[in-house]
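Enquirer: Sharing a structure, written as structure tokens. Questions coming.
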Amino acid sequence: MVGGANAFGGSAGRGRRRVPGRLPGMVDPQPTGGTESRGLRHTALYGWHRAAGAKLADFGGWEMPIEYPGGGVLREHEAVRERVGVFDVSHLGKVEVRGRGSAELIDACLTNALERIGPGRAQYTLCCDDATGGVVDDLIVYLRGAADVLLVPNAANAAEVTARLAAEAPPDVSLTDRHDDLCVLAVQGPRSPEVMAEVGLPTGLEYMAFARESWRGGDVTVCRTGYTGELGYELVVEAGVAEALWEAVIAATTAAGGLPCGLGARDTLRTEMGYPLHGNDLSLEITPVQARLGWAVGWRKPRFWGRSALLAEREQGPRRVARGLLALERGVPRPGLQVLGGDGQAVGSTTSGTFSPTLRQGIALALLEPGVTVGEQVEVDVRGRRLPCRVVDPPFVPSHVRSA
């Protein structure tokens, strides 16, 4: 989902570092400070990232940190799994939906059922195309109340999601783009409660619950969620106090043995958990049924975009199903590679792929024919070399998102 990095995890070349992979919509990484002339957008923390010497790259029109000096993807990944890491993910969209009927609008359009949660809770959901059921975007809904909802879509899809909702909105409901007004920080890892307590923010939240707090005069929404598979928090903070909060969080994170982390580690972490990334594992051509995200669909709701198409697909059975692949030999399966069955015939293709820093082997997410079962051995065609892999159900490593 919600995070926006893709296909990292590779090797360092002799004599210079290589960014191991690419992000959808990402151009080749540029030297720090070399992209202002290309009109890229910047988060409120951009100056801090530049001063810290972060490797920056164009991601969907935003210049974002990929990794930091003294860290790098592998060390930043390890910090989150074993201690704590902090991410700037302020490129994510922020859209406020307000007015009488706001929650009703969201429930009637997006897949998940808001009746499953109450105010003060967040929910993962999908915006689907009404005709095909393909995924326009996956996003998080913060239900503040019946007349007040915050949406956090992916950066590249925020405008499209907003436009589709606005076209359906009744006169009393307004949608406001808060992309530049709000920042999002992600504090992730087993020691994240220590960091939160040190900066004076709440830690005793249940999974997917949120609380609104005042921090140095600015509004902060703290939610017990994240995109890494670890115990963690995401902080939606007003841009005016974002840098002060970031610096306080960085100081507490460093004291706890953690690191600032870039989108490279965010991608390896989410891939180990089998979390989908829009543009790779979800798209207008990939439905929630194929992606095995039926748990995020309110099937009994009378209305949501794509309902008829998705019900029909579920009834008939999808033509392809999301699975995980674990490399059995040295090698890294990348996105967009053909997957072959035992008879050498194509049975699907990879959608995400990386080197798993935790397992020290290649892993991938793939869309496979439904007849390919968990435990079966397949091969991935990696530039003419057939890499044997075992079909598995993600996550590849244990999840700790619900850890107390």
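Chain labels follow the order of the structure tokens: the first chain is A, the next B, and so on; residue numbering restarts at 1 in every chain, and ligands are counted from 1 in their shown order.
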Give me the residues within 6 Å of range 363-366 of chain A as an mmCIF file with N, CA and C atoms, in the first residue's frame, counting only C-alpha atoms and dropping any in the same chain fewer than 4 places off.
Expert:
```cif
data_model
loop_
_atom_site.group_PDB
_atom_site.id
_atom_site.type_symbol
_atom_site.label_atom_id
_atom_site.label_comp_id
_atom_site.auth_asym_id
_atom_site.auth_seq_id
_atom_site.Cartn_x
_atom_site.Cartn_y
_atom_site.Cartn_z
ATOM 1 N N ALA A 322 -2.745 -13.937 -5.976
ATOM 2 C CA ALA A 322 -1.497 -13.455 -5.392
ATOM 3 C C ALA A 322 -0.880 -14.513 -4.481
ATOM 4 N N ARG A 323 0.408 -14.749 -4.655
ATOM 5 C CA ARG A 323 1.175 -15.675 -3.811
ATOM 6 C C ARG A 323 2.547 -15.077 -3.534
ATOM 7 N N GLY A 324 3.287 -15.741 -2.660
ATOM 8 C CA GLY A 324 4.666 -15.383 -2.405
ATOM 9 C C GLY A 324 5.600 -16.407 -3.015
ATOM 10 N N LEU A 325 6.798 -15.966 -3.359
ATOM 11 C CA LEU A 325 7.826 -16.858 -3.886
ATOM 12 C C LEU A 325 9.094 -16.702 -3.055
ATOM 13 N N LEU A 326 9.656 -17.818 -2.644
ATOM 14 C CA LEU A 326 10.891 -17.834 -1.854
ATOM 15 C C LEU A 326 11.978 -18.497 -2.680
ATOM 16 N N ALA A 327 13.032 -17.738 -3.001
ATOM 17 C CA ALA A 327 14.112 -18.269 -3.841
ATOM 18 C C ALA A 327 14.833 -19.401 -3.127
ATOM 19 N N SER A 349 3.365 -14.222 -13.272
ATOM 20 C CA SER A 349 4.472 -13.271 -13.309
ATOM 21 C C SER A 349 4.645 -12.623 -11.943
ATOM 22 N N THR A 350 5.854 -12.181 -11.672
ATOM 23 C CA THR A 350 6.145 -11.502 -10.413
ATOM 24 C C THR A 350 5.630 -10.073 -10.465
ATOM 25 N N THR A 351 5.195 -9.561 -9.322
ATOM 26 C CA THR A 351 4.719 -8.179 -9.230
ATOM 27 C C THR A 351 5.645 -7.316 -8.366
ATOM 28 N N SER A 352 6.262 -7.900 -7.367
ATOM 29 C CA SER A 352 7.294 -7.249 -6.554
ATOM 30 C C SER A 352 8.383 -8.272 -6.296
ATOM 31 N N GLY A 353 9.602 -7.796 -6.063
ATOM 32 C CA GLY A 353 10.681 -8.720 -5.748
ATOM 33 C C GLY A 353 11.850 -7.974 -5.153
ATOM 34 N N THR A 354 12.540 -8.621 -4.213
ATOM 35 C CA THR A 354 13.641 -7.960 -3.534
ATOM 36 C C THR A 354 14.520 -9.004 -2.847
#
```
Enquirer: Could you list, as a list in words, every residue within 7 Å of range 80-93 of chain A, counting only C-alpha atoms and ignoring same-chain residues fewer than 3 positions away?
Expert: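 Non-adjacent residues within range: Gly3, Thr43, Trp62, Glu76, His77, Val152, Pro153, Asn154, Ala155, Ala158, His179, Cys183, Val184, Leu185, Ala186, Val187, Gln188, Gly189, Pro190, Arg191, Ser192, Glu230, Thr253, Gly257, Gly258, Leu259, Pro260, Cys261 and Gly262 of chain A.
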Enquirer: Hey, what does DSSP flag as helix (DSSP H, G or I) within range 20-265 of chain A? Can you give it to me as a ChimeraX atom specification?
Expert: /A:36-38,46-51,72-82,102-109,114-116,155-168,192-198,239-255,263-265
Enquirer: Could you turn the residues from that selection into a file that holds C-alpha atoms, as a CSV table (one decimal), in the first residue's frame?
Expert:
```
chain,number,residue,atom,x,y,z
A,36,GLU,CA,15.0,21.7,-7.9
A,37,SER,CA,15.0,22.8,-11.6
A,38,ARG,CA,12.7,19.9,-12.5
A,46,TYR,CA,13.3,18.1,2.8
A,47,GLY,CA,15.8,20.6,4.2
A,48,TRP,CA,16.6,18.2,7.1
A,49,HIS,CA,17.1,15.3,4.6
A,50,ARG,CA,19.5,17.3,2.5
A,51,ALA,CA,21.5,18.5,5.5
A,72,GLY,CA,21.7,2.2,3.9
A,73,VAL,CA,18.9,-0.2,3.1
A,74,LEU,CA,20.2,-3.2,5.0
A,75,ARG,CA,21.1,-1.4,8.3
A,76,GLU,CA,17.9,0.7,8.2
A,77,HIS,CA,15.9,-2.5,7.6
A,78,GLU,CA,17.6,-4.2,10.5
A,79,ALA,CA,17.0,-1.2,12.8
A,80,VAL,CA,13.3,-1.5,12.3
A,81,ARG,CA,13.1,-5.2,12.8
A,82,GLU,CA,15.3,-5.2,15.9
A,102,SER,CA,-19.1,12.3,4.9
A,103,ALA,CA,-18.8,8.8,6.4
A,104,GLU,CA,-21.8,7.7,4.3
A,105,LEU,CA,-20.1,8.9,1.2
A,106,ILE,CA,-16.9,7.0,2.0
A,107,ASP,CA,-18.8,3.8,2.9
A,108,ALA,CA,-20.9,3.9,-0.3
A,109,CYS,CA,-17.8,4.3,-2.5
A,114,LEU,CA,-17.1,1.5,8.2
A,115,GLU,CA,-19.7,-0.3,10.4
A,116,ARG,CA,-16.7,-2.6,11.4
A,155,ALA,CA,0.9,10.0,-3.4
A,156,ALA,CA,0.5,9.4,-7.1
A,157,ASN,CA,-3.3,8.5,-6.8
A,158,ALA,CA,-4.5,11.2,-4.3
A,159,ALA,CA,-5.9,13.5,-7.0
A,160,GLU,CA,-7.7,10.7,-8.8
A,161,VAL,CA,-9.3,9.3,-5.6
A,162,THR,CA,-10.3,12.8,-4.6
A,163,ALA,CA,-11.8,13.6,-8.0
A,164,ARG,CA,-13.9,10.4,-8.0
A,165,LEU,CA,-15.2,11.0,-4.5
A,166,ALA,CA,-15.9,14.6,-5.3
A,167,ALA,CA,-18.1,13.6,-8.3
A,168,GLU,CA,-20.2,11.5,-5.9
A,192,SER,CA,8.9,2.5,19.1
A,193,PRO,CA,6.9,2.9,22.4
A,194,GLU,CA,10.0,4.2,24.1
A,195,VAL,CA,10.5,6.8,21.4
A,196,MET,CA,6.8,7.9,21.6
A,197,ALA,CA,6.9,8.2,25.3
A,198,GLU,CA,10.2,10.2,25.2
A,239,ALA,CA,3.5,21.0,8.8
A,240,GLY,CA,4.4,24.0,11.0
A,241,VAL,CA,5.6,21.7,13.8
A,242,ALA,CA,6.7,18.7,11.7
A,243,GLU,CA,10.4,19.5,11.7
A,244,ALA,CA,10.5,20.1,15.5
A,245,LEU,CA,8.7,16.8,16.0
A,246,TRP,CA,10.9,15.0,13.6
A,247,GLU,CA,14.0,16.2,15.3
A,248,ALA,CA,12.6,15.1,18.7
A,249,VAL,CA,11.7,11.7,17.3
A,250,ILE,CA,15.2,11.4,15.7
A,251,ALA,CA,16.9,12.2,19.0
A,252,ALA,CA,14.8,9.6,20.9
A,253,THR,CA,15.3,7.0,18.1
A,254,THR,CA,19.0,7.5,18.1
A,255,ALA,CA,19.1,7.1,21.9
A,263,LEU,CA,12.0,4.4,1.2
A,264,GLY,CA,14.4,1.6,0.3
A,265,ALA,CA,14.1,0.0,3.7
```
Enquirer: Determine, counting only C-alpha atoms, which protein, DNA and RNA residues have an atom within 9 Å of an atom of range 307-315 of chain A; residues of the same chain fewer than 6 positions away are not included. Present the result as a count of residues only.
Expert: 13
Enquirer: Have a look at CA of Val141 in chain A and CA of Glu213 in chain A and let me know their distance in Å, one decimal.
Expert: 18.3 Å
Enquirer: Please indicate the distance in Å from CA of Gly306 in chain A to CA of Arg98 in chain A, rounded to one decimal place.
Expert: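 According to the coordinates, CA of Gly306 in chain A and CA of Arg98 in chain A are separated by 24.1 Å.
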Enquirer: Which residues, written as a list of chain:residue names, have at least one atom at most 8 Å from Val222 in chain A, with only C-alpha atoms counted and residues fewer than 2 positions away on the same chain left out?
Expert: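 Answer for this query is A:Leu201, A:Pro202, A:Phe210, A:Ala211, A:Arg212, A:Glu213, A:Val220, A:Arg224, A:Tyr233, A:Glu234, A:Leu235, A:Val236.
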Enquirer: Please produce a file of those selected residues containing C-alpha atoms, as a JSON list (two decimals), in the first residue's frame.
Expert:
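Output below, filename selection31.json:
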```json
[["chain", "number", "residue", "atom", "x", "y", "z"],
["A", 201, "LEU", "CA", 2.98, 11.16, 22.66],
["A", 202, "PRO", "CA", 0.58, 8.31, 23.60],
["A", 210, "PHE", "CA", -5.83, 6.73, 16.83],
["A", 211, "ALA", "CA", -5.80, 9.72, 19.15],
["A", 212, "ARG", "CA", -5.47, 13.44, 18.47],
["A", 213, "GLU", "CA", -3.01, 15.35, 20.63],
["A", 220, "VAL", "CA", -0.89, 15.51, 15.90],
["A", 224, "ARG", "CA", -1.11, 2.46, 15.95],
["A", 233, "TYR", "CA", 2.88, 4.37, 15.03],
["A", 234, "GLU", "CA", 2.11, 6.79, 12.24],
["A", 235, "LEU", "CA", 1.92, 10.48, 13.13],
["A", 236, "VAL", "CA", -0.12, 12.90, 11.03]]
```
Enquirer: Of the candidates A:Arg360, A:Arg390, A:Arg144, A:Arg270, which one gets nearest to Leu340 in chain A if we count only C-alpha atoms?
Expert: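 Looking at the shortest contact to Leu340 in chain A, the residue is A:Arg390.
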Enquirer: Which value, in Å to one decimal, gives the distance between CA of His278 in chain A and CA of Val321 in chain A?
Expert: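 Interatomic distance, CA of His278 in chain A to CA of Val321 in chain A: 15.9 Å.
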Enquirer: From the DSSP assignment of the backbone, select every residue of range 179-381 of chain A that is strand (DSSP E or B), and format the answer as number ranges by chain.
Expert: A: 182-188, 209-215, 218-223, 232-238, 259-261, 278, 282-283, 286, 321-327, 338-340, 346-356, 361-368, 377-381
Enquirer: May I have the selected residues written with C-alpha atoms, as a JSON list (two decimals), in the first residue's frame?
Expert:
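After the write, result_30.json holds the following:
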```
[["chain", "number", "residue", "atom", "x", "y", "z"],
["A", 182, "LEU", "CA", 0.12, 17.92, 6.93],
["A", 183, "CYS", "CA", 3.12, 15.63, 7.27],
["A", 184, "VAL", "CA", 3.23, 11.93, 8.08],
["A", 185, "LEU", "CA", 5.99, 10.34, 10.17],
["A", 186, "ALA", "CA", 6.23, 6.61, 10.78],
["A", 187, "VAL", "CA", 7.91, 5.36, 13.98],
["A", 188, "GLN", "CA", 8.33, 1.61, 13.59],
["A", 209, "ALA", "CA", -6.82, 3.07, 16.89],
["A", 210, "PHE", "CA", -5.83, 6.73, 16.83],
["A", 211, "ALA", "CA", -5.80, 9.72, 19.15],
["A", 212, "ARG", "CA", -5.47, 13.44, 18.47],
["A", 213, "GLU", "CA", -3.01, 15.35, 20.63],
["A", 214, "SER", "CA", -1.51, 18.82, 20.84],
["A", 215, "TRP", "CA", 2.29, 18.92, 20.54],
["A", 218, "GLY", "CA", 0.33, 21.80, 16.69],
["A", 219, "ASP", "CA", -2.25, 19.08, 16.09],
["A", 220, "VAL", "CA", -0.89, 15.51, 15.90],
["A", 221, "THR", "CA", -2.91, 12.38, 15.13],
["A", 222, "VAL", "CA", -1.18, 9.27, 16.49],
["A", 223, "CYS", "CA", -2.30, 5.94, 14.99],
["A", 232, "GLY", "CA", 4.64, 1.05, 15.34],
["A", 233, "TYR", "CA", 2.88, 4.37, 15.03],
["A", 234, "GLU", "CA", 2.11, 6.79, 12.24],
["A", 235, "LEU", "CA", 1.92, 10.48, 13.13],
["A", 236, "VAL", "CA", -0.12, 12.90, 11.03],
["A", 237, "VAL", "CA", 1.22, 16.30, 12.10],
["A", 238, "GLU", "CA", 0.69, 19.90, 11.04],
["A", 259, "LEU", "CA", 18.05, 5.10, 12.64],
["A", 260, "PRO", "CA", 16.26, 7.44, 10.25],
["A", 261, "CYS", "CA", 15.07, 5.27, 7.37],
["A", 278, "HIS", "CA", -0.16, 0.00, -5.74],
["A", 282, "LEU", "CA", -2.47, -3.62, -7.17],
["A", 283, "SER", "CA", -3.62, -1.68, -10.22],
["A", 286, "ILE", "CA", -5.52, -6.23, -10.61],
["A", 321, "VAL", "CA", -4.12, -15.30, -7.45],
["A", 322, "ALA", "CA", -1.50, -13.45, -5.39],
["A", 323, "ARG", "CA", 1.17, -15.67, -3.81],
["A", 324, "GLY", "CA", 4.67, -15.38, -2.40],
["A", 325, "LEU", "CA", 7.83, -16.86, -3.89],
["A", 326, "LEU", "CA", 10.89, -17.83, -1.85],
["A", 327, "ALA", "CA", 14.11, -18.27, -3.84],
["A", 338, "GLN", "CA", 7.76, -14.72, -15.97],
["A", 339, "VAL", "CA", 7.02, -17.59, -13.57],
["A", 340, "LEU", "CA", 7.23, -21.10, -15.03],
["A", 346, "ALA", "CA", 4.20, -19.87, -17.98],
["A", 347, "VAL", "CA", 1.94, -19.88, -14.91],
["A", 348, "GLY", "CA", 2.16, -16.19, -13.94],
["A", 349, "SER", "CA", 4.47, -13.27, -13.31],
["A", 350, "THR", "CA", 6.15, -11.50, -10.41],
["A", 351, "THR", "CA", 4.72, -8.18, -9.23],
["A", 352, "SER", "CA", 7.29, -7.25, -6.55],
["A", 353, "GLY", "CA", 10.68, -8.72, -5.75],
["A", 354, "THR", "CA", 13.64, -7.96, -3.53],
["A", 355, "PHE", "CA", 16.45, -9.37, -1.43],
["A", 356, "SER", "CA", 15.14, -10.11, 2.06],
["A", 361, "GLN", "CA", 17.52, -14.69, 0.28],
["A", 362, "GLY", "CA", 15.40, -13.52, -2.61],
["A", 363, "ILE", "CA", 11.65, -13.15, -2.21],
["A", 364, "ALA", "CA", 8.85, -12.03, -4.50],
["A", 365, "LEU", "CA", 5.14, -11.45, -4.74],
["A", 366, "ALA", "CA", 3.49, -12.88, -7.83],
["A", 367, "LEU", "CA", 0.18, -13.38, -9.59],
["A", 368, "LEU", "CA", -0.14, -17.08, -10.43],
["A", 377, "GLN", "CA", 8.16, -25.46, -6.77],
["A", 378, "VAL", "CA", 8.25, -23.07, -9.73],
["A", 379, "GLU", "CA", 10.96, -21.21, -11.61],
["A", 380, "VAL", "CA", 11.39, -17.49, -12.26],
["A", 381, "ASP", "CA", 13.03, -16.51, -15.53]]
```
Enquirer: Can you pull out every residue within 8 Å of Gly145 in chain A, counting only C-alpha atoms, but drop anything in the same chain fewer than 5 positions away, and send it as number ranges by chain?
Expert: A: 103, 118-120
Enquirer: For each of A:Met208, A:Val199, A:Ala54, A:Val95, take the minimum atom-to-atom distance to Ala122 in chain A, counting only C-alpha atoms, then give the residue where this is smallest.
Expert: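 Between A:Met208, A:Val199, A:Ala54, A:Val95, the residue approaching Ala122 in chain A most closely is A:Met208.
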Enquirer: Given only C-alpha atoms as the basis, pick out the residue of A:Asp343, A:Glu329, A:Glu376, A:Asp281 nearest to Asp138 in chain A.
Expert: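 Between A:Asp343, A:Glu329, A:Glu376, A:Asp281, the residue approaching Asp138 in chain A most closely is A:Asp281.
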Enquirer: With distances taken over only C-alpha atoms, which of A:Leu269, A:Val374, A:Leu359, A:Leu387 is nearest to Gly331 in chain A?
Expert: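 Going through A:Leu269, A:Val374, A:Leu359, A:Leu387 one by one, the smallest distance to Gly331 in chain A is for A:Leu387.
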Enquirer: So, counting only C-alpha atoms, which residue among A:Ile66, A:Val332, A:Val149, A:Leu126 is closest to Ala113 in chain A?
Expert: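 Checking each of A:Ile66, A:Val332, A:Val149, A:Leu126 against Ala113 in chain A, counting only C-alpha atoms, the winner is A:Leu126.
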Enquirer: Between A:His42, A:His400, A:Arg178, A:Lys94, which residue has the minimum interatomic distance to Tyr227 in chain A, considering only C-alpha atoms?
Expert: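 Comparing A:His42, A:His400, A:Arg178, A:Lys94 against Tyr227 in chain A, the winner is A:His400.
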